[in-house]
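Please read the structure below before turning to the comments.
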Amino acid sequence: GSAGAGAAAAAGAAGDTAAQGKLLAQARGCTACHSVDGSPGVGPSWKGLYGKTETLDSGKTAVADDAYLKQSIADPKASIVRGFPPIMPQQPFTEAELSAMVDYIKTVK
C-alpha cells in the first residue's frame with residue numbers, strides 16, 4: 001500500500017510543521033500573551049481560534065483562516081480584534097515560519 005504510506009507521510013509532515021510552529025511561538029514569546037487553553041490574556045486565546053469569526057476594532061468581522069492569521073502575525077496592526085490593545089510587536093517571519101505557526105494554531109482546539 002504505497003498510497004497509504006504517502007498519506008501517512010503527508011500527515012506526518014503537517015504534524016512536524018505544527019510542532020515547529022509551537023516551538024517558534026514559544027521562542028518568539030507569543031505564548032506570553034496568547035493562551036492555548038481559552039483563558040483570557042493580553043491577546044486573543046488560540047484555543048478554537050482557527051475558523052472562528054472575530055469582530056475587529058473597525059466593526060468589521062474577519063474569519064481566522066490561513067490568510068487572516070498570516071497577515072495578523074506578519075503585520076499585527078493590520079486587523080486588531082475588538083477589546084484587545086494594539087501592542088503586539090511586529091517581528092520578521094519567513095513564509096515557512098508563518099505557515100508553521102498557522103499549522104500549530106489549527107491544532108489548538
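Residue names in the C-alpha cells use chain letters A, B, ... in the order shown, residue numbers from 1 in each chain, and ligand numbers from 1 in the order shown.
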Non-local contacts of stretch 91-101 of chain A (6 Å; only C-alpha atoms; under 3 positions in same chain excluded) as a ChimeraX atom specification: /A:17-18,21,70,104
Would you export the selected residues with N, CA, C and O atoms as a short mmCIF file (atom, residue, chain, number, x, y, z; two decimals), in the first residue's frame, please?
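See result.cif below for the written result:
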data_model
loop_
_atom_site.label_atom_id
_atom_site.label_comp_id
_atom_site.auth_asym_id
_atom_site.auth_seq_id
_atom_site.Cartn_x
_atom_site.Cartn_y
_atom_site.Cartn_z
N THR A 17 5.24 20.41 10.99
CA THR A 17 5.20 21.87 10.89
C THR A 17 4.46 22.46 12.09
O THR A 17 4.83 23.51 12.59
N ALA A 18 3.41 21.77 12.57
CA ALA A 18 2.70 22.25 13.76
C ALA A 18 3.64 22.25 14.96
O ALA A 18 3.64 23.19 15.76
N GLY A 21 5.87 25.13 14.61
CA GLY A 21 5.13 26.35 14.92
C GLY A 21 5.02 26.56 16.42
O GLY A 21 5.14 27.69 16.91
N LYS A 70 -1.95 34.64 8.98
CA LYS A 70 -0.62 35.01 8.49
C LYS A 70 -0.45 36.52 8.48
O LYS A 70 0.59 37.04 8.89
N TYR A 104 0.22 25.19 13.66
CA TYR A 104 0.13 24.98 15.11
C TYR A 104 -1.19 25.51 15.66
O TYR A 104 -1.88 24.81 16.41
#
Residues of chain A in helix (DSSP H, G or I), written as an NGL selection string: :A and (2-27 or 30-32 or 66-74 or 95-107)
Residues from last step as file, N, CA and C atoms, as a compact mmCIF listing (two decimals), in the first residue's frame:
# COMPACT_ATOMS: atom_id res chain seq x y z
N SER A 2 1.40 1.62 -1.14
CA SER A 2 2.21 2.84 -1.19
C SER A 2 1.34 4.08 -1.02
N ALA A 3 0.08 4.03 -1.42
CA ALA A 3 -0.81 5.19 -1.27
C ALA A 3 -1.00 5.52 0.21
N GLY A 4 -1.18 4.47 1.02
CA GLY A 4 -1.34 4.68 2.46
C GLY A 4 -0.09 5.30 3.06
N ALA A 5 1.07 4.85 2.62
CA ALA A 5 2.33 5.39 3.14
C ALA A 5 2.46 6.87 2.79
N GLY A 6 2.03 7.22 1.58
CA GLY A 6 2.09 8.62 1.15
C GLY A 6 1.20 9.49 2.02
N ALA A 7 0.00 9.00 2.32
CA ALA A 7 -0.93 9.76 3.16
C ALA A 7 -0.35 9.94 4.56
N ALA A 8 0.27 8.87 5.07
CA ALA A 8 0.86 8.94 6.41
C ALA A 8 2.01 9.93 6.43
N ALA A 9 2.79 9.94 5.36
CA ALA A 9 3.91 10.88 5.28
C ALA A 9 3.41 12.31 5.24
N ALA A 10 2.32 12.54 4.50
CA ALA A 10 1.75 13.88 4.40
C ALA A 10 1.23 14.32 5.78
N ALA A 11 0.56 13.43 6.48
CA ALA A 11 0.04 13.76 7.81
C ALA A 11 1.20 14.04 8.76
N GLY A 12 2.26 13.23 8.63
CA GLY A 12 3.43 13.43 9.48
C GLY A 12 4.07 14.79 9.22
N ALA A 13 4.11 15.19 7.95
CA ALA A 13 4.71 16.48 7.59
C ALA A 13 3.91 17.62 8.22
N ALA A 14 2.59 17.53 8.18
CA ALA A 14 1.75 18.58 8.77
C ALA A 14 1.97 18.62 10.28
N GLY A 15 2.09 17.45 10.90
CA GLY A 15 2.35 17.39 12.33
C GLY A 15 3.70 18.00 12.67
N ASP A 16 4.67 17.76 11.80
CA ASP A 16 6.01 18.33 12.02
C ASP A 16 5.98 19.85 11.97
N THR A 17 5.24 20.41 10.99
CA THR A 17 5.20 21.87 10.89
C THR A 17 4.46 22.46 12.09
N ALA A 18 3.41 21.77 12.57
CA ALA A 18 2.70 22.25 13.76
C ALA A 18 3.64 22.25 14.96
N ALA A 19 4.46 21.20 15.08
CA ALA A 19 5.43 21.13 16.18
C ALA A 19 6.45 22.27 16.05
N GLN A 20 6.89 22.55 14.82
CA GLN A 20 7.82 23.67 14.58
C GLN A 20 7.15 24.99 14.97
N GLY A 21 5.87 25.13 14.61
CA GLY A 21 5.13 26.35 14.92
C GLY A 21 5.02 26.56 16.42
N LYS A 22 4.79 25.46 17.15
CA LYS A 22 4.69 25.56 18.61
C LYS A 22 6.01 26.05 19.21
N LEU A 23 7.11 25.46 18.75
CA LEU A 23 8.43 25.87 19.25
C LEU A 23 8.71 27.33 18.90
N LEU A 24 8.32 27.72 17.69
CA LEU A 24 8.52 29.09 17.24
C LEU A 24 7.71 30.05 18.11
N ALA A 25 6.46 29.69 18.39
CA ALA A 25 5.58 30.53 19.22
C ALA A 25 6.17 30.73 20.61
N GLN A 26 6.77 29.66 21.14
CA GLN A 26 7.38 29.74 22.47
C GLN A 26 8.65 30.58 22.41
N ALA A 27 9.46 30.35 21.37
CA ALA A 27 10.73 31.05 21.25
C ALA A 27 10.54 32.55 21.04
N CYS A 30 5.28 34.45 21.86
CA CYS A 30 3.86 34.59 21.51
C CYS A 30 2.95 34.09 22.63
N THR A 31 3.39 32.98 23.25
CA THR A 31 2.55 32.33 24.26
C THR A 31 2.48 33.11 25.57
N ALA A 32 3.28 34.18 25.69
CA ALA A 32 3.17 35.03 26.88
C ALA A 32 1.85 35.80 26.87
N ASP A 66 -6.26 30.88 7.17
CA ASP A 66 -4.81 30.95 6.94
C ASP A 66 -4.36 32.37 6.60
N ALA A 67 -5.08 33.01 5.65
CA ALA A 67 -4.65 34.34 5.18
C ALA A 67 -4.74 35.36 6.31
N TYR A 68 -5.83 35.32 7.07
CA TYR A 68 -6.00 36.28 8.17
C TYR A 68 -4.92 36.09 9.23
N LEU A 69 -4.69 34.83 9.61
CA LEU A 69 -3.71 34.57 10.67
C LEU A 69 -2.30 34.96 10.22
N LYS A 70 -1.95 34.64 8.98
CA LYS A 70 -0.62 35.01 8.49
C LYS A 70 -0.45 36.52 8.48
N GLN A 71 -1.49 37.23 8.02
CA GLN A 71 -1.41 38.70 8.00
C GLN A 71 -1.28 39.24 9.42
N SER A 72 -2.06 38.66 10.34
CA SER A 72 -2.06 39.15 11.72
C SER A 72 -0.72 38.92 12.41
N ILE A 73 -0.05 37.83 12.06
CA ILE A 73 1.27 37.55 12.65
C ILE A 73 2.32 38.47 12.02
N ALA A 74 2.27 38.60 10.68
CA ALA A 74 3.28 39.38 9.97
C ALA A 74 3.10 40.89 10.18
N GLU A 95 7.88 32.98 5.19
CA GLU A 95 6.61 32.36 4.79
C GLU A 95 6.49 30.97 5.42
N ALA A 96 7.60 30.24 5.47
CA ALA A 96 7.58 28.89 6.07
C ALA A 96 7.25 28.97 7.56
N GLU A 97 7.81 29.97 8.24
CA GLU A 97 7.53 30.14 9.67
C GLU A 97 6.07 30.51 9.89
N LEU A 98 5.53 31.40 9.05
CA LEU A 98 4.13 31.78 9.16
C LEU A 98 3.23 30.55 8.97
N SER A 99 3.55 29.73 7.98
CA SER A 99 2.76 28.52 7.73
C SER A 99 2.82 27.57 8.92
N ALA A 100 4.00 27.44 9.50
CA ALA A 100 4.17 26.55 10.66
C ALA A 100 3.36 27.06 11.84
N MET A 101 3.37 28.38 12.06
CA MET A 101 2.60 28.96 13.17
C MET A 101 1.11 28.71 12.97
N VAL A 102 0.63 28.92 11.73
CA VAL A 102 -0.79 28.71 11.45
C VAL A 102 -1.13 27.23 11.62
N ASP A 103 -0.25 26.33 11.17
CA ASP A 103 -0.48 24.89 11.35
C ASP A 103 -0.60 24.56 12.84
N TYR A 104 0.22 25.19 13.66
CA TYR A 104 0.13 24.98 15.11
C TYR A 104 -1.19 25.51 15.66
N ILE A 105 -1.56 26.73 15.27
CA ILE A 105 -2.80 27.33 15.78
C ILE A 105 -4.00 26.44 15.41
N LYS A 106 -3.96 25.81 14.22
CA LYS A 106 -5.05 24.91 13.80
C LYS A 106 -5.21 23.75 14.78
N THR A 107 -4.12 23.35 15.43
CA THR A 107 -4.20 22.18 16.32
C THR A 107 -4.68 22.54 17.72
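For A:Gly83, the set of protein, DNA and RNA residues having any atom at most 10 Å away, when counting only C-alpha atoms and skipping those fewer than 4 positions along the same chain, is Val42, Gly43, Pro44, Thr55, Leu56 and Asp57 of chain A.
Using only C-alpha atoms, the shortest contact distance between A:Ala64 and any of A:Val108, A:Cys33, A:Leu49, A:Val81 is found at A:Leu49.
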Close residues, A:Lys52 itself excluded, 8 Å, only C-alpha atoms, min 2 positions apart in chain, as a PyMOL selection string: chain A and resi 48-50+54+63-65
Nearest residue to A:Pro85 from the set A:Lys47, A:Arg28, A:Gly41, A:Ser35 (distances using only C-alpha atoms): A:Gly41
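Assigned to strand (DSSP E or B) in chain A, given DSSP computed from backbone atoms, are Thr53, Glu54, Thr55, Leu56, Thr61, Ala62, Val63 and Val81 of chain A.
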For N, CA, C and O atoms, I'd like the residues from the last selection saved as a short mmCIF file (atom, residue, chain, number, x, y, z; two decimals), in the first residue's frame.
data_model
loop_
_atom_site.label_atom_id
_atom_site.label_comp_id
_atom_site.auth_asym_id
_atom_site.auth_seq_id
_atom_site.Cartn_x
_atom_site.Cartn_y
_atom_site.Cartn_z
N THR A 53 -15.02 33.42 13.64
CA THR A 53 -15.25 34.78 13.16
C THR A 53 -14.98 35.76 14.30
O THR A 53 -15.56 35.63 15.38
N GLU A 54 -14.07 36.69 14.06
CA GLU A 54 -13.71 37.68 15.07
C GLU A 54 -14.25 39.05 14.66
O GLU A 54 -14.27 39.39 13.47
N THR A 55 -14.67 39.84 15.65
CA THR A 55 -15.06 41.23 15.39
C THR A 55 -13.84 42.11 15.60
O THR A 55 -13.18 42.01 16.63
N LEU A 56 -13.56 42.95 14.62
CA LEU A 56 -12.38 43.81 14.67
C LEU A 56 -12.74 45.18 15.23
O LEU A 56 -13.91 45.55 15.33
N THR A 61 -15.98 42.16 10.53
CA THR A 61 -15.66 40.84 11.04
C THR A 61 -14.66 40.19 10.09
O THR A 61 -14.58 40.54 8.92
N ALA A 62 -13.91 39.25 10.63
CA ALA A 62 -12.93 38.52 9.83
C ALA A 62 -12.92 37.07 10.31
O ALA A 62 -13.03 36.81 11.50
N VAL A 63 -12.80 36.16 9.37
CA VAL A 63 -12.67 34.74 9.71
C VAL A 63 -11.19 34.44 9.90
O VAL A 63 -10.37 34.80 9.05
N VAL A 81 -8.31 42.72 16.90
CA VAL A 81 -9.56 42.16 17.41
C VAL A 81 -10.11 43.09 18.49
O VAL A 81 -9.38 43.54 19.38
#
Point-to-point distance in Å for atom CA of A:Lys109 and atom CA of A:Ser45: 10.4 Å
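Atom CA of A:Asp75 is found 9.1 Å from atom CA of A:Met88.
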Atomic separation - atom CA of A:Gly29 relative to atom CA of A:Ile87, Å: 13.3 Å
